[in-house]
Amino acid sequence: MQENYQPLSIEQDVQAAWETSGVFNVSESSTQEKYYCLSMFPYPSGRLHMGHVRNYTIGDVISRYQRMLGKNVMQPMGWDAFGLPAENAAMQHGVHPADWTYQNIDYMRDQLKQLGFGYDWSREVATCDPDYYKWEQWFFLKLLEKGLVYKKTAPVNWCPNDMTVLANEQVIDGCCWRCDTKVERKEIAQWFLKITAYADELLTSLETLDGWPEQVKTMQANWIGRSEGVEMDFQVPELSQPLRIYTTRPDTLMGVTYLAVAAEHPLALKASEGNPAISSFIEECKTMETSEAAMETMEKRGIDSGIKALHPITGDSVPVWIANFVLMGYGTGAVMAVPAHDQRDYEFANKYGIAIKQVIFSKDGGADDCSEQAYTTKGILGHSGEFDGLTSEQAFVSISEALENAEKGIRKVNFRLRDWGVSRQRYWGAPIPVIYCDDCGTLPVPEKDLPVTLPRDVVLDGSQSPLVAHPTFSKVDCPCCGKPARRETDTFDTFMESSWYFARFASSKAESMLDESAKYWLPVDHYIGGIEHAILHLLYARFYTKLLRDEGLVVCDEPFKRLLTQGMVLKDGSKMSKSKGNTVDPQELIAQYGADTVRLFVMFAAPPEQSLEWSDSGVEGAFRFLKRLWRQAYLHNEAGGSSVALDKSTLTEEQQAVRRQVHQTLQKVTHDMGVRIIFNTAIAANMELVNTLTKFTDDSDNGKAVRQEALEAIVLMLAPIVPHICHQLWLELGHHEALVTASWPQVDESALEQDSIELVIQINGKLRSKISVSAQATSEEIQALALNDEQAIRFIEGKTIRKVIVVPNKLINIVV
């Protein structure tokens, strides 16, 4: 055994051995219990960052631990490879997006291998590969057949720089999340998936996700936003159609003093005819941000449309305003306003001099005045005609029934969730497989013609998608009548690819979208990724799983059994980012310290869910520990190792103490890694054990056997975290099989037994002494020994003892 720890040569040799043996490649034929561990796959941006390293190390540690428990563990890796950054890079560097993407994939794959992650590379997928997105296109057409896909013109967030649609979540402070350009509102025809058809199940099945953080489930539930209310019509004499609104507070209906509609609403457009002021206001609304946060904080502005609606119960005229806080994409694009009982409506009414009519009053005579702010608490109705004296809850039923009897309303369950717009006006994405014929209408691309692939001969200049004017892509013969037709030139939102990739890993070689392998592997047993994906990615993946299930392609209802959302990597208190200039290059760390040091540091610095503060000294400390561990194994071997079996019957007290700590550590580490999924405390316990070994100098046969057992236990416990050094140490300790095939060690319960234990004596919570007592001593016996301890007597003499608290195996606290 070489004297000094040399990580780079060790790691290269170990990684080569893993690759040659294919030890991480798994199949469905195993008789072992399956375990599917997955970390969110990366966008191939060019280089790994420390967030990647932390995410993938957590996943690898979990995978290796589960493998040591004897399970058939699949841990795949692939690439979320479509997206706008590749187009921008292509324009910047004068390369094709595909070339830029695949070069990055090659580099990042090599980085992942250098970090020793135990991936089944035979299952690797890249979402930009036609063999992958062919099945996405195929599935889209299946959904089209089922009526779960449709196309409509709708207002969208439009980035004039990137020339594409943005989801509300991609608009930050009114600007594009990528390029910081001011976002515009625009009417555009786009394709939608009917996620709302699954809204109820997406909400209720959250209750089955016991392995998910409550925070994430709450975020999803709020996003889906189920509510019970009433949908009702306000007739508008000037229009052929009534204004339909939805409210969760029908008890306040008699307090309505105005209605508000979105700037894109047909009523607003009619009111703008010949009215420059209204036309100007509508144009202003097109450039505002529509995210929820922005809607909450922005100035509420509006303009009177001049049009009146009729109250559905009283028949009174109600003015209709056009307001910037009403969005056409949410609900019906019209809301009823009750200023006395809604703060937003209250502020708007005060600003524009609109009447405020209070109709809800306190049940118990408490403060309910509306002179300073809206009274939003439910209570007793007043000024509400026949409904006076009813509670809000009673009025919900009575007013709903009155509207239903008059055929002017209906009780309804609504969801905040909106259908998923999947069209993007960019090149580097999966083409939407649809053809438009003037005679035959909208047609699916025939299955035999899938995949619809991207043409390579394009010029990207940022003006529009090159697919629009491409001579051979955009023009096609109609598959029905044979006449010239047009191909859809929009591509899919990249969330489409990431919403089912976990299933394709299970069937990566299938000549269909998924095969029986997916039914074997799914659901994913443990999924690891950032909290920033808590809503959209995870919600879409859940939705897609239900679609796949209903097509008979999978048998699970949910994609991920257990979810771990790891914290960010910080430096100097800020998230690492190129713009802040505070990044740390993993490649440089690997070259200087080796992959195991990097892995050890990111696992030791903080629990997985918490943010990790970067520390150069912490990295150096991790490296020093690995050198100390290596040194202990070297000294043990230099002293002849252990050639005699451990004789438990003749152990000295010191030997027993070391063995006890070994198995106590194993007991703790097993719980930390298998139940708590916390690794820093597991590492700390092993560090303490190594400290004990450095002080254990017993060179007797039993002493060497105890040291051998301790070193083997440490190597096995740390193998999931620092697999390269542990692989080599396992061989140096005399084993011939590869460590990667070894089982997790078992606790020897007999080693935990002890004749006596040391307990701390506290006086009023302060440490004053220590005593050794029999492990079988009763509380009464321990109490008597403590009260007669010479040191303790000094602090209690002459004082009244109020009580004595005995904490088993830990301490005695004497309260005086």
# chains A, B, ... in the order shown; residues from 1 in each chain; ligands from 1
>>> residues_around(residues="Tyr43 of chain A", least_positions_apart="6", cutoff="9 Å", atoms="only C-alpha atoms", output="PyMOL selection string")
chain A and resi 79-83+105
>>> residues_around(residues="segment 146-161 of chain A", least_positions_apart="4", cutoff="10 Å", atoms="only C-alpha atoms", output="VMD selection string")
chain A and resid 140 to 142 165 to 168 170 to 171 174 to 197 264 286 to 291 327 to 329 419 to 423 442 462 to 464 547
>>> select_by_dssp(residues="segment 341-439 of chain A", states="alpha helix (DSSP H)", output="ChimeraX atom specification")
/A:343-352,392-405
>>> closest_residue(among="A:Leu600, A:Ala469, A:Met568, A:Leu635", to="Asn4 of chain A", atoms="only C-alpha atoms")
A:Leu635
>>> residues_around(residues="Thr665 of chain A", least_positions_apart="6", cutoff="12 Å", atoms="only C-alpha atoms", output="tab-separated table (two decimals) with all heavy atoms, in the first residue's frame")
chain	number	residue	atom	x	y	z
A	658	VAL	N	-13.91	0.59	22.00
A	658	VAL	CA	-13.75	0.93	20.57
A	658	VAL	C	-14.81	0.21	19.74
A	658	VAL	O	-15.45	0.81	18.87
A	658	VAL	CB	-12.33	0.56	20.08
A	658	VAL	CG1	-12.23	0.75	18.56
A	658	VAL	CG2	-11.29	1.43	20.78
A	659	ARG	N	-15.01	-1.09	20.01
A	659	ARG	CA	-16.04	-1.84	19.27
A	659	ARG	C	-17.43	-1.24	19.50
A	659	ARG	O	-18.25	-1.16	18.58
A	659	ARG	CB	-16.07	-3.30	19.71
A	659	ARG	CG	-14.98	-4.17	19.14
A	659	ARG	CD	-15.40	-5.62	19.15
A	659	ARG	NE	-16.26	-5.95	18.03
A	659	ARG	CZ	-17.40	-6.62	18.14
A	659	ARG	NH1	-17.85	-7.00	19.32
A	659	ARG	NH2	-18.12	-6.91	17.07
A	671	HIS	N	-29.33	4.95	10.42
A	671	HIS	CA	-30.55	5.73	10.61
A	671	HIS	C	-30.49	7.06	9.85
A	671	HIS	O	-31.46	7.46	9.19
A	671	HIS	CB	-30.77	5.99	12.11
A	671	HIS	CG	-32.04	6.72	12.41
A	671	HIS	ND1	-33.28	6.13	12.31
A	671	HIS	CD2	-32.26	8.00	12.82
A	671	HIS	CE1	-34.22	7.01	12.64
A	671	HIS	NE2	-33.63	8.15	12.95
A	672	ASP	N	-29.33	7.73	9.92
A	672	ASP	CA	-29.19	9.02	9.24
A	672	ASP	C	-29.36	8.87	7.73
A	672	ASP	O	-30.05	9.67	7.08
A	672	ASP	CB	-27.82	9.63	9.55
A	672	ASP	CG	-27.74	10.20	10.96
A	672	ASP	OD1	-28.79	10.25	11.62
A	672	ASP	OD2	-26.64	10.57	11.39
A	673	MET	N	-28.73	7.86	7.15
A	673	MET	CA	-28.73	7.73	5.70
A	673	MET	C	-30.01	7.07	5.18
A	673	MET	O	-30.49	7.41	4.10
A	673	MET	CB	-27.51	6.94	5.24
A	673	MET	CG	-26.20	7.68	5.53
A	673	MET	SD	-24.74	6.86	4.88
A	673	MET	CE	-24.93	7.11	3.13
A	681	THR	N	-24.31	14.55	9.48
A	681	THR	CA	-24.15	13.94	10.80
A	681	THR	C	-23.54	12.55	10.70
A	681	THR	O	-22.80	12.11	11.59
A	681	THR	CB	-25.51	13.87	11.52
A	681	THR	OG1	-26.46	13.24	10.64
A	681	THR	CG2	-26.00	15.26	11.88
A	682	ALA	N	-23.84	11.85	9.60
A	682	ALA	CA	-23.24	10.53	9.37
A	682	ALA	C	-21.73	10.66	9.18
A	682	ALA	O	-20.94	9.85	9.70
A	682	ALA	CB	-23.88	9.86	8.16
A	683	ILE	N	-21.33	11.69	8.44
A	683	ILE	CA	-19.91	11.93	8.22
A	683	ILE	C	-19.22	12.32	9.53
A	683	ILE	O	-18.13	11.83	9.85
A	683	ILE	CB	-19.72	13.03	7.15
A	683	ILE	CG1	-20.22	12.54	5.79
A	683	ILE	CG2	-18.24	13.43	7.04
A	683	ILE	CD1	-20.33	13.64	4.75
A	684	ALA	N	-19.88	13.19	10.30
A	684	ALA	CA	-19.30	13.64	11.56
A	684	ALA	C	-19.07	12.46	12.50
A	684	ALA	O	-18.03	12.39	13.19
A	684	ALA	CB	-20.22	14.67	12.22
A	685	ALA	N	-20.00	11.52	12.53
A	685	ALA	CA	-19.85	10.35	13.40
A	685	ALA	C	-18.64	9.51	12.97
A	685	ALA	O	-17.91	8.98	13.81
A	685	ALA	CB	-21.12	9.51	13.36
A	686	ASN	N	-18.41	9.40	11.67
A	686	ASN	CA	-17.24	8.66	11.19
A	686	ASN	C	-15.95	9.40	11.49
A	686	ASN	O	-14.91	8.78	11.74
A	686	ASN	CB	-17.38	8.40	9.69
A	686	ASN	CG	-18.16	7.13	9.39
A	686	ASN	OD1	-17.64	6.03	9.53
A	686	ASN	ND2	-19.42	7.30	9.00
A	687	MET	N	-16.00	10.71	11.43
A	687	MET	CA	-14.82	11.49	11.79
A	687	MET	C	-14.43	11.25	13.25
A	687	MET	O	-13.25	11.12	13.59
A	687	MET	CB	-15.08	12.99	11.54
A	687	MET	CG	-15.14	13.37	10.06
A	687	MET	SD	-15.50	15.14	9.82
A	687	MET	CE	-15.19	15.30	8.06
A	688	GLU	N	-15.44	11.20	14.12
A	688	GLU	CA	-15.17	10.92	15.54
A	688	GLU	C	-14.57	9.53	15.71
A	688	GLU	O	-13.67	9.32	16.53
A	688	GLU	CB	-16.47	11.04	16.34
A	688	GLU	CG	-17.01	12.46	16.44
A	688	GLU	CD	-18.36	12.51	17.12
A	688	GLU	OE1	-18.81	11.45	17.64
A	688	GLU	OE2	-18.99	13.58	17.11
A	689	LEU	N	-15.05	8.60	14.91
A	689	LEU	CA	-14.53	7.23	15.00
A	689	LEU	C	-13.08	7.17	14.54
A	689	LEU	O	-12.26	6.46	15.14
A	689	LEU	CB	-15.41	6.30	14.16
A	689	LEU	CG	-15.13	4.79	14.26
A	689	LEU	CD1	-15.12	4.31	15.71
A	689	LEU	CD2	-16.17	4.02	13.45
A	690	VAL	N	-12.74	7.91	13.50
A	690	VAL	CA	-11.34	7.96	13.04
A	690	VAL	C	-10.47	8.59	14.13
A	690	VAL	O	-9.34	8.14	14.37
A	690	VAL	CB	-11.23	8.74	11.71
A	690	VAL	CG1	-9.76	8.99	11.36
A	690	VAL	CG2	-11.90	7.96	10.58
A	692	THR	N	-10.93	8.36	17.29
A	692	THR	CA	-10.72	7.31	18.30
A	692	THR	C	-9.64	6.34	17.86
A	692	THR	O	-8.78	5.93	18.66
A	692	THR	CB	-12.05	6.56	18.54
A	692	THR	OG1	-13.01	7.48	19.09
A	692	THR	CG2	-11.86	5.40	19.50
A	710	ALA	N	-13.00	-1.90	12.65
A	710	ALA	CA	-13.36	-0.48	12.64
A	710	ALA	C	-13.09	0.15	11.28
A	710	ALA	O	-13.92	0.90	10.73
A	710	ALA	CB	-12.59	0.26	13.74
A	713	ALA	N	-15.59	-1.04	8.73
A	713	ALA	CA	-16.89	-0.41	8.95
A	713	ALA	C	-16.90	1.03	8.43
A	713	ALA	O	-17.86	1.47	7.78
A	713	ALA	CB	-17.24	-0.43	10.44
A	714	ILE	N	-15.81	1.77	8.69
A	714	ILE	CA	-15.72	3.15	8.21
A	714	ILE	C	-15.75	3.18	6.68
A	714	ILE	O	-16.46	3.99	6.07
A	714	ILE	CB	-14.44	3.82	8.74
A	714	ILE	CG1	-14.53	4.01	10.25
A	714	ILE	CG2	-14.22	5.18	8.05
A	714	ILE	CD1	-13.21	4.41	10.91
A	716	LEU	N	-17.03	1.00	4.63
A	716	LEU	CA	-18.37	0.65	4.13
A	716	LEU	C	-19.36	1.79	4.36
A	716	LEU	O	-20.19	2.09	3.49
A	716	LEU	CB	-18.87	-0.63	4.83
A	716	LEU	CG	-18.16	-1.92	4.42
A	716	LEU	CD1	-18.51	-3.04	5.37
A	716	LEU	CD2	-18.52	-2.30	2.98
A	717	MET	N	-19.28	2.45	5.50
A	717	MET	CA	-20.21	3.54	5.81
A	717	MET	C	-19.97	4.75	4.91
A	717	MET	O	-20.90	5.48	4.56
A	717	MET	CB	-20.11	3.94	7.28
A	717	MET	CG	-20.75	2.95	8.23
A	717	MET	SD	-20.78	3.54	9.93
A	717	MET	CE	-19.09	3.25	10.46
A	718	LEU	N	-18.72	4.99	4.56
A	718	LEU	CA	-18.40	6.15	3.73
A	718	LEU	C	-18.42	5.83	2.24
A	718	LEU	O	-18.31	6.75	1.40
A	718	LEU	CB	-17.02	6.70	4.11
A	718	LEU	CG	-16.91	7.36	5.49
A	718	LEU	CD1	-15.48	7.84	5.73
A	718	LEU	CD2	-17.88	8.52	5.63
A	745	PRO	N	-23.03	-2.91	6.18
A	745	PRO	CA	-22.68	-3.69	7.39
A	745	PRO	C	-23.84	-3.77	8.38
A	745	PRO	O	-24.72	-2.90	8.41
A	745	PRO	CB	-21.50	-2.91	7.96
A	745	PRO	CG	-21.68	-1.51	7.45
A	745	PRO	CD	-22.28	-1.64	6.10
A	746	GLN	N	-23.82	-4.80	9.20
A	746	GLN	CA	-24.86	-5.02	10.20
A	746	GLN	C	-24.34	-4.67	11.59
A	746	GLN	O	-23.19	-4.92	11.93
A	746	GLN	CB	-25.32	-6.47	10.17
A	746	GLN	CG	-25.92	-6.91	8.84
A	746	GLN	CD	-27.17	-6.12	8.50
A	746	GLN	OE1	-28.09	-6.03	9.31
A	746	GLN	NE2	-27.19	-5.54	7.31
A	747	VAL	N	-25.22	-4.11	12.40
A	747	VAL	CA	-24.86	-3.78	13.78
A	747	VAL	C	-24.79	-5.05	14.61
A	747	VAL	O	-25.67	-5.91	14.55
A	747	VAL	CB	-25.90	-2.81	14.39
A	747	VAL	CG1	-25.60	-2.57	15.87
A	747	VAL	CG2	-25.91	-1.49	13.62
A	748	ASP	N	-23.71	-5.20	15.37
A	748	ASP	CA	-23.57	-6.31	16.33
A	748	ASP	C	-24.15	-5.81	17.65
A	748	ASP	O	-23.53	-5.01	18.35
A	748	ASP	CB	-22.10	-6.68	16.48
A	748	ASP	CG	-21.88	-7.85	17.44
A	748	ASP	OD1	-22.86	-8.27	18.10
A	748	ASP	OD2	-20.75	-8.34	17.53
A	751	ALA	N	-22.15	-5.89	20.83
A	751	ALA	CA	-21.08	-4.91	21.01
A	751	ALA	C	-21.60	-3.65	21.71
A	751	ALA	O	-20.82	-2.89	22.28
A	751	ALA	CB	-20.48	-4.54	19.67
A	752	LEU	N	-22.91	-3.44	21.65
A	752	LEU	CA	-23.48	-2.24	22.26
A	752	LEU	C	-23.68	-2.40	23.76
A	752	LEU	O	-23.87	-1.41	24.47
A	752	LEU	CB	-24.83	-1.92	21.59
A	752	LEU	CG	-24.81	-1.67	20.08
A	752	LEU	CD1	-26.21	-1.43	19.56
A	752	LEU	CD2	-23.91	-0.49	19.74
>>> closest_residue(among="A:Tyr427, A:Trp630, A:Phe625, A:Trp500", to="His96 of chain A", atoms="only C-alpha atoms")
A:Tyr427
>>> atom_distance(atom1="atom CA of Ala784 of chain A", atom2="atom CA of Val816 of chain A")
15.6 Å
>>> atom_distance(atom1="atom CA of Pro319 of chain A", atom2="atom CA of Met232 of chain A")
16.6 Å
>>> residues_around(residues="Asp210 of chain A", least_positions_apart="4", cutoff="10 Å", atoms="only C-alpha atoms", output="MDAnalysis selection string")
chainID A and resid 206 214 217 561:563
>>> write_last_selection(atoms="N, CA, C and O atoms", output="PDB file, in the first residue's frame")
ATOM      1  N   LEU A 206     -52.478  14.845  -4.264  1.00  0.00           N
ATOM      2  CA  LEU A 206     -51.392  15.372  -3.432  1.00  0.00           C
ATOM      3  C   LEU A 206     -51.396  14.713  -2.062  1.00  0.00           C
ATOM      4  O   LEU A 206     -50.354  14.559  -1.428  1.00  0.00           O
ATOM      5  N   GLU A 214     -44.029  19.135   2.728  1.00  0.00           N
ATOM      6  CA  GLU A 214     -45.328  19.795   2.838  1.00  0.00           C
ATOM      7  C   GLU A 214     -45.332  21.135   2.107  1.00  0.00           C
ATOM      8  O   GLU A 214     -46.341  21.541   1.538  1.00  0.00           O
ATOM      9  N   LYS A 217     -46.116  20.540  -1.565  1.00  0.00           N
ATOM     10  CA  LYS A 217     -47.521  20.164  -1.760  1.00  0.00           C
ATOM     11  C   LYS A 217     -48.442  21.377  -1.594  1.00  0.00           C
ATOM     12  O   LYS A 217     -49.414  21.530  -2.334  1.00  0.00           O
ATOM     13  N   LYS A 561     -42.329   9.001  -5.830  1.00  0.00           N
ATOM     14  CA  LYS A 561     -42.765   8.628  -4.482  1.00  0.00           C
ATOM     15  C   LYS A 561     -42.233   9.600  -3.438  1.00  0.00           C
ATOM     16  O   LYS A 561     -42.965  10.087  -2.586  1.00  0.00           O
ATOM     17  N   ARG A 562     -40.935   9.816  -3.502  1.00  0.00           N
ATOM     18  CA  ARG A 562     -40.279  10.665  -2.497  1.00  0.00           C
ATOM     19  C   ARG A 562     -39.545  11.783  -3.199  1.00  0.00           C
ATOM     20  O   ARG A 562     -38.924  11.565  -4.246  1.00  0.00           O
ATOM     21  N   LEU A 563     -39.630  12.974  -2.640  1.00  0.00           N
ATOM     22  CA  LEU A 563     -39.020  14.154  -3.252  1.00  0.00           C
ATOM     23  C   LEU A 563     -38.101  14.831  -2.250  1.00  0.00           C
ATOM     24  O   LEU A 563     -38.484  15.079  -1.108  1.00  0.00           O
TER      25      LEU A 563
END
>>> closest_residue(among="A:Pro466, A:Gly51, A:Gly118, A:Pro433", to="Leu570 of chain A", atoms="only C-alpha atoms")
A:Gly51
>>> closest_residue(among="A:Phe543, A:Trp428, A:Phe601, A:Trp521", to="Asp490 of chain A", atoms="only C-alpha atoms")
A:Trp428
>>> closest_residue(among="A:Pro213, A:Gly429, A:Pro523, A:Gly530", to="Met496 of chain A", atoms="only C-alpha atoms")
A:Gly429
>>> residues_around(residues="Asp647 of chain A", least_positions_apart="4", cutoff="10 Å", atoms="only C-alpha atoms", output="CSV table (one decimal) with N, CA and C atoms, in the first residue's frame")
chain,number,residue,atom,x,y,z
A,651,LEU,N,-11.9,-9.7,25.1
A,651,LEU,CA,-11.7,-8.3,24.8
A,651,LEU,C,-11.4,-7.5,26.1
A,701,ASP,N,-3.2,-9.1,19.1
A,701,ASP,CA,-4.0,-9.7,18.0
A,701,ASP,C,-5.4,-9.2,18.1
A,702,ASN,N,-6.0,-9.2,19.3
A,702,ASN,CA,-7.4,-8.7,19.4
A,702,ASN,C,-7.4,-7.2,19.1
A,703,GLY,N,-6.4,-6.4,19.5
A,703,GLY,CA,-6.4,-5.0,19.2
A,703,GLY,C,-6.3,-4.8,17.7
A,705,ALA,N,-7.4,-6.8,15.4
A,705,ALA,CA,-8.7,-7.3,14.9
A,705,ALA,C,-9.8,-6.2,15.1
A,706,VAL,N,-9.8,-5.6,16.2
A,706,VAL,CA,-10.7,-4.5,16.5
A,706,VAL,C,-10.5,-3.3,15.5
>>> closest_residue(among="A:Ile771, A:Leu38, A:Ala622, A:Ala260", to="Asp789 of chain A", atoms="only C-alpha atoms")
A:Ile771
>>> select_by_dssp(residues="segment 203-416 of chain A", states="strand (DSSP E or B)", output="number ranges by chain")
A: 211, 226-235, 243-247, 258-261, 302-310, 317-323, 334-337, 360-361, 380-381, 391, 409-415
>>> residues_around(residues="segment 248-252 of chain A", least_positions_apart="2", cutoff="8 Å", atoms="only C-alpha atoms", output="number ranges by chain")
A: 227-230, 246, 254-256, 338, 341, 359-360, 381, 392-393, 395-396, 399-400
>>> decode(residues="segment 530-538 of chain A", atoms="all heavy atoms", output="compact mmCIF listing (two decimals), in the first residue's frame")
# COMPACT_ATOMS: atom_id res chain seq x y z
N GLY A 530 -34.07 21.03 -7.29
CA GLY A 530 -34.23 22.31 -6.60
C GLY A 530 -35.68 22.68 -6.34
O GLY A 530 -36.59 22.29 -7.07
N ILE A 531 -35.89 23.46 -5.28
CA ILE A 531 -37.22 23.92 -4.90
C ILE A 531 -37.81 24.84 -5.97
O ILE A 531 -39.03 25.01 -6.05
CB ILE A 531 -37.17 24.66 -3.54
CG1 ILE A 531 -38.58 24.93 -2.97
CG2 ILE A 531 -36.39 25.97 -3.66
CD1 ILE A 531 -39.27 23.72 -2.46
N GLU A 532 -36.96 25.41 -6.84
CA GLU A 532 -37.47 26.30 -7.88
C GLU A 532 -38.35 25.57 -8.90
O GLU A 532 -39.07 26.20 -9.68
CB GLU A 532 -36.31 27.00 -8.61
CG GLU A 532 -35.40 26.09 -9.42
CD GLU A 532 -34.25 25.51 -8.62
OE1 GLU A 532 -34.32 25.52 -7.37
OE2 GLU A 532 -33.28 25.02 -9.24
N HIS A 533 -38.30 24.25 -8.89
CA HIS A 533 -39.13 23.46 -9.80
C HIS A 533 -40.39 22.94 -9.11
O HIS A 533 -41.07 22.06 -9.65
CB HIS A 533 -38.32 22.28 -10.35
CG HIS A 533 -37.10 22.71 -11.11
ND1 HIS A 533 -37.17 23.39 -12.30
CD2 HIS A 533 -35.79 22.55 -10.84
CE1 HIS A 533 -35.94 23.65 -12.73
NE2 HIS A 533 -35.09 23.15 -11.86
N ALA A 534 -40.71 23.50 -7.95
CA ALA A 534 -41.79 22.96 -7.13
C ALA A 534 -43.15 23.04 -7.81
O ALA A 534 -44.01 22.19 -7.54
CB ALA A 534 -41.85 23.70 -5.79
N ILE A 535 -43.35 24.01 -8.67
CA ILE A 535 -44.68 24.16 -9.27
C ILE A 535 -44.71 23.61 -10.69
O ILE A 535 -45.24 22.54 -10.95
CB ILE A 535 -45.15 25.62 -9.23
CG1 ILE A 535 -45.33 26.08 -7.78
CG2 ILE A 535 -46.47 25.77 -9.98
CD1 ILE A 535 -45.76 27.50 -7.61
N LEU A 536 -44.10 24.32 -11.63
CA LEU A 536 -44.35 23.98 -13.03
C LEU A 536 -43.83 22.60 -13.42
O LEU A 536 -44.60 21.75 -13.87
CB LEU A 536 -43.76 25.05 -13.94
CG LEU A 536 -44.50 26.41 -13.89
CD1 LEU A 536 -43.96 27.34 -14.95
CD2 LEU A 536 -45.99 26.21 -14.07
N HIS A 537 -42.55 22.34 -13.27
CA HIS A 537 -42.02 21.05 -13.72
C HIS A 537 -42.71 19.89 -13.00
O HIS A 537 -43.15 18.93 -13.64
CB HIS A 537 -40.51 20.98 -13.48
CG HIS A 537 -39.97 19.58 -13.53
ND1 HIS A 537 -40.10 18.79 -14.65
CD2 HIS A 537 -39.35 18.82 -12.59
CE1 HIS A 537 -39.57 17.60 -14.41
NE2 HIS A 537 -39.11 17.60 -13.17
N LEU A 538 -42.82 19.98 -11.70
CA LEU A 538 -43.40 18.87 -10.95
C LEU A 538 -44.89 18.71 -11.25
O LEU A 538 -45.40 17.59 -11.33
CB LEU A 538 -43.18 19.08 -9.45
CG LEU A 538 -41.73 18.93 -8.99
CD1 LEU A 538 -41.58 19.32 -7.52
CD2 LEU A 538 -41.23 17.50 -9.19
